[in-house]
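To start, the structure under review is shown below, and the notes come after it.
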There are 2 protein chains.
Amino acid sequence: MKNYPIAKSRRIRSTPYTSRIEKQGVTAYTVYNHMLLPAAFGSIEDSCNHLKKEVQVWDVAAERQVEIFGEDAAKLVQLMTCRDLSKSKIGRCYYCPIIDDNGNLVNDPVILKLAEDRWWISIADSDVIFFAKGLASGNKFNVQIFEPNVDIIAIQGPKSFSLMEKVFGKKINELKFFGFDYFDFRGVKHLIARSGWSKQGGFEVYVENTQSGLDLYDHFFEIGGEFNLKPGCPNLIERIESGLLSYGNDFDNNDNPFECGFDKYVNLDSEISFLGKEKLKKIKKDGIKRKLMGVLIDTNKINLTKSLKLKDDKGNIIGDLRSACYSPHFKKVIGIAMINEPYCRASVTGLLEIEGNSLAVKVCDLPFI
Amino acid sequence: MKNYPIAKSRRIRSTPYTSRIEKQGVTAYTVYNHMLLPAAFGSIEDSCNHLKKEVQVWDVAAERQVEIFGEDAAKLVQLMTCRDLSKSKIGRCYYCPIIDDNGNLVNDPVILKLAEDRWWISIADSDVIFFAKGLASGNKFNVQIFEPNVDIIAIQGPKSFSLMEKVFGKKINELKFFGFDYFDFRGVKHLIARSGWSKQGGFEVYVENTQSGLDLYDHFFEIGGEFNLKPGCPNLIERIESGLLSYGNDFDNNDNPFECGFDKYVNLDSEISFLGKEKLKKIKKDGIKRKLMGVLIDTNKINLTKSLKLKDDKGNIIGDLRSACYSPHFKKVIGIAMINEPYCRASVTGLLEIEGNSLAVKVCDLPFI
């Protein structure tokens, strides 16, 4: 497949770390929240293997924050998500589907509760800030909504715990999964969460002091040799194998949370009020007509640039393949697909026509691993 | 400067025309509204010269539409823009700054009035759909809001009028600037506006019937030889010379419409109510502290990937350079910059430090041509 260069401009925002990752050998970008997000440092297979065994530092500044601050902050945040946040705690992260009036997904951020009246919505690739502003305006909520100056560095992989301990001391490893706290680096406090967009373990540093963040970035690579530290980025293979869904790829504003398997984050029985609640009750009662599933595809190579139809052997459409990659673990291509009823159950078989070939497809449950 | 390939995926949506423009020699992409937008077909200087003399067909499907339909559609559209639409007419396009509660810009779309209760917001690069959904929900408006299946083909350049007449007949040239109507191509009606993101004249075909749009695209190139038709895309040089502003590049949600020179689209004296009206009245009364201006830079080459500070000869910051390109017309680099008071007047001089060089900068009015 031919490569096309990305035309850079102010609109496609650079991050504070861009010049560093370019020196370190980034080889492809994607655009995420109007910002450059590294997509590869050479082979994504090699990078996947490294991530599973060692530790990587990622420039994920493109995970932008929407800060909701003020008297009605908690009310606005709750209105936007179907997850019950009434018992949420300061110092915790919450994975929260954001839902519109139709019961469809707007985003699937991690929400950080910084204080009762101060929240960060750490967003996937859609402008949640304008959804929040529209809702706040229409409901006359007393809140301030803005994008704070936060540029996340992620530290991911099994050796992230040792690397982070070397920088921040033993206390960093007392953080529970999806907990966050403040840790000192050369006199500057950084919010650090035990989180990240891989299933290999790790942390995210929510850098507010840009210069200190750059110093920290450089420090990781100064001392990281003993942990075989490398630069990296969210890895297509690792995230599909782990069943980490991607807004815009696997689902979007045309899909509802039940279709995406987010059932445990949809708290319809609680007293809380949120957008689309009645719609979601009806969807649950009626039952969904399609669902995100895994697929195994009998080939060892794919380059998926848009969704492709999956068919049964009579030519009936059984679903849409939305993400795919070659998995060295399964030794075949794996993918995430929106599969229609009555096909959405494990072991259903189908076909994918691609570049003149007809490939055998098998539906399976998510996650793969 | 090193080129970095764009990592394609479903999230970075292809357009119906993507496979065609790749055969025709597109050489760079940008991402706009989560979609591929061609950024170059070879040299942008050559393309600029061609655009000014001949005619080009552009894949601008990334100019997505937000459809607002229903009883409260007009009310919602008016609420979002500071431009008075109370006397707007069906069949007309309106350039409308979209404003938030703080009086800052959310987008600068062209809005098409299809019917009293049906509007298309033809958006620049931000998710206006979620702003509209938030406002509609909070205000309990009776509207439907969605992204219709519309993929625009633009026909731009002085010979666009002859090319379009050959395809659609003489009637197409009765369209007034920013007017639109429906025209037949092989039995399919297409909404066509006399508009486009260049100052060289032309049309935009709002393709709803994808197959007919593809046939039309191919037909243009079958018959376009006599007009020296070439594929093209919004041209950085032409748009800066013409002072066509770009949301995300020249201004964003941190800027207000007076700072961007949109004064004539801010109708504060009308009876209409819109978001940020009181804030804008106060801004107008107090006076703005900075303004988008042109700059002429004494060099013949630049590759601007982010904003750069402009300084006076004492090192004081006079503004931010946000877009720039070499202009063959002016035989130097021209740019668009947010210039602070008291520097925002023509003939002020300054300096731009870039790659170790200190370049002379002269402030001027917009547009350049």
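Ordering of the structure tokens sets the chain letters (A, B, ...); residue numbers start at 1 within each chain; ligands are numbered from 1 in the order shown.
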
Interface residues on chain B facing chain A, 7 Å, only C-alpha atoms, written as a ChimeraX atom specification:
/B:3-11,13-14,27-31,39,101,126-127,130-135,137-139,248-249,304-307,322

Residues near Ser86 in chain B, anyone? I mean within 10 Å using only C-alpha atoms, not counting same-chain ones fewer than 6 positions away, as a PDB file with C-alpha atoms, in the first residue's frame.
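Below you can see part01.pdb, which holds the result:
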ATOM      1  CA  ALA B  74     -34.518  27.788  12.846  1.00  0.00           C
ATOM      2  CA  LYS B  75     -34.419  28.671  16.534  1.00  0.00           C
ATOM      3  CA  GLN B  78     -30.025  31.159  15.156  1.00  0.00           C
ATOM      4  CA  SER B 270     -30.791  43.009  16.141  1.00  0.00           C
ATOM      5  CA  GLU B 271     -33.599  41.606  18.313  1.00  0.00           C
ATOM      6  CA  ILE B 272     -32.461  38.042  17.813  1.00  0.00           C
TER       7      ILE B 272
END

Write out as JSON, numbers by chain all residues of range 30-235 of chain A that DSSP puts in helix (DSSP H, G or I) for this structure's backbone.
{"A": [44, 45, 46, 47, 48, 49, 50, 51, 52, 53, 73, 74, 75, 76, 77, 78, 79, 80, 128, 129, 130, 131, 132, 133, 134, 135, 136, 137, 138, 160, 161, 162, 163, 164, 165, 166, 167, 168, 170, 171, 172, 173, 174, 210, 211, 212, 213, 214, 215, 216, 217, 218, 219, 220, 221, 222, 223, 224, 225, 226, 227]}

Within 9 Å of Val363 in chain B, counting only C-alpha atoms, which residues show up once you throw out same-chain ones fewer than 2 positions away? Write them as a ChimeraX atom specification, please.
/B:293-297,337,339,343-350,361,365

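Nearest residue to Glu67 in chain B, choosing from B:Tyr182, B:Tyr17, B:Trp119, B:Tyr94 and counting only C-alpha atoms: B:Trp119.
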
Gap from CA of Phe41 in chain B to CA of Leu163 in chain B - Å, one decimal:
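Going from CA of Phe41 in chain B over to CA of Leu163 in chain B, I get 20.6 Å.
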
Point-to-point distance in Å for CA of Asp320 in chain B and CA of Thr81 in chain B:
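Distance reported for this atom pair: 26.4 Å.
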
Tell me, which residues of range 128-215 of chain B carry DSSP strand (DSSP E or B), written as an NGL selection string?
:B and (144-146 or 151-156 or 179-185 or 188-193 or 202-207)

For C-alpha atoms, I'd like the residues from the last selection saved as an mmCIF file, in the first residue's frame.
data_model
loop_
_atom_site.group_PDB
_atom_site.id
_atom_site.type_symbol
_atom_site.label_atom_id
_atom_site.label_comp_id
_atom_site.auth_asym_id
_atom_site.auth_seq_id
_atom_site.Cartn_x
_atom_site.Cartn_y
_atom_site.Cartn_z
ATOM 1 C CA GLN B 144 -33.469 16.065 14.751
ATOM 2 C CA ILE B 145 -29.716 16.517 14.400
ATOM 3 C CA PHE B 146 -27.594 14.205 12.285
ATOM 4 C CA ASP B 151 -19.928 14.264 0.054
ATOM 5 C CA ILE B 152 -19.103 17.556 -1.634
ATOM 6 C CA ILE B 153 -17.266 17.866 -4.944
ATOM 7 C CA ALA B 154 -15.977 21.404 -5.526
ATOM 8 C CA ILE B 155 -15.345 22.811 -9.005
ATOM 9 C CA GLN B 156 -13.075 25.835 -8.657
ATOM 10 C CA GLY B 179 -27.133 30.827 -4.070
ATOM 11 C CA PHE B 180 -28.002 27.160 -4.538
ATOM 12 C CA ASP B 181 -30.493 25.144 -6.531
ATOM 13 C CA TYR B 182 -31.061 21.612 -7.788
ATOM 14 C CA PHE B 183 -29.633 20.482 -11.141
ATOM 15 C CA ASP B 184 -30.038 17.255 -13.040
ATOM 16 C CA PHE B 185 -27.224 14.879 -13.980
ATOM 17 C CA VAL B 188 -30.425 12.489 -10.567
ATOM 18 C CA LYS B 189 -30.967 15.864 -8.859
ATOM 19 C CA HIS B 190 -27.939 17.403 -7.157
ATOM 20 C CA LEU B 191 -27.906 20.418 -4.863
ATOM 21 C CA ILE B 192 -25.318 22.797 -6.325
ATOM 22 C CA ALA B 193 -24.171 26.036 -4.727
ATOM 23 C CA GLY B 202 -16.802 28.064 -8.768
ATOM 24 C CA PHE B 203 -19.357 25.663 -7.439
ATOM 25 C CA GLU B 204 -19.904 22.988 -4.825
ATOM 26 C CA VAL B 205 -21.998 19.912 -5.588
ATOM 27 C CA TYR B 206 -23.564 18.530 -2.414
ATOM 28 C CA VAL B 207 -23.632 14.874 -3.488
#

Any idea what's packed within 7 Å of Ile237 in chain A, counting only C-alpha atoms, ignoring anything in its chain fewer than 6 positions away? Could you give it as a PyMOL selection string?
chain A and resi 48+325+327

Which residue of B:Val150, B:Val143, B:Cys96, B:Ala73 approaches Gly213 in chain B most closely, using only C-alpha atoms
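Checking each candidate against Gly213 in chain B, we get B:Val150 as the closest.
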
Computed gap from CA of Phe227 in chain B to CA of Lys53 in chain B is 9.9 Å
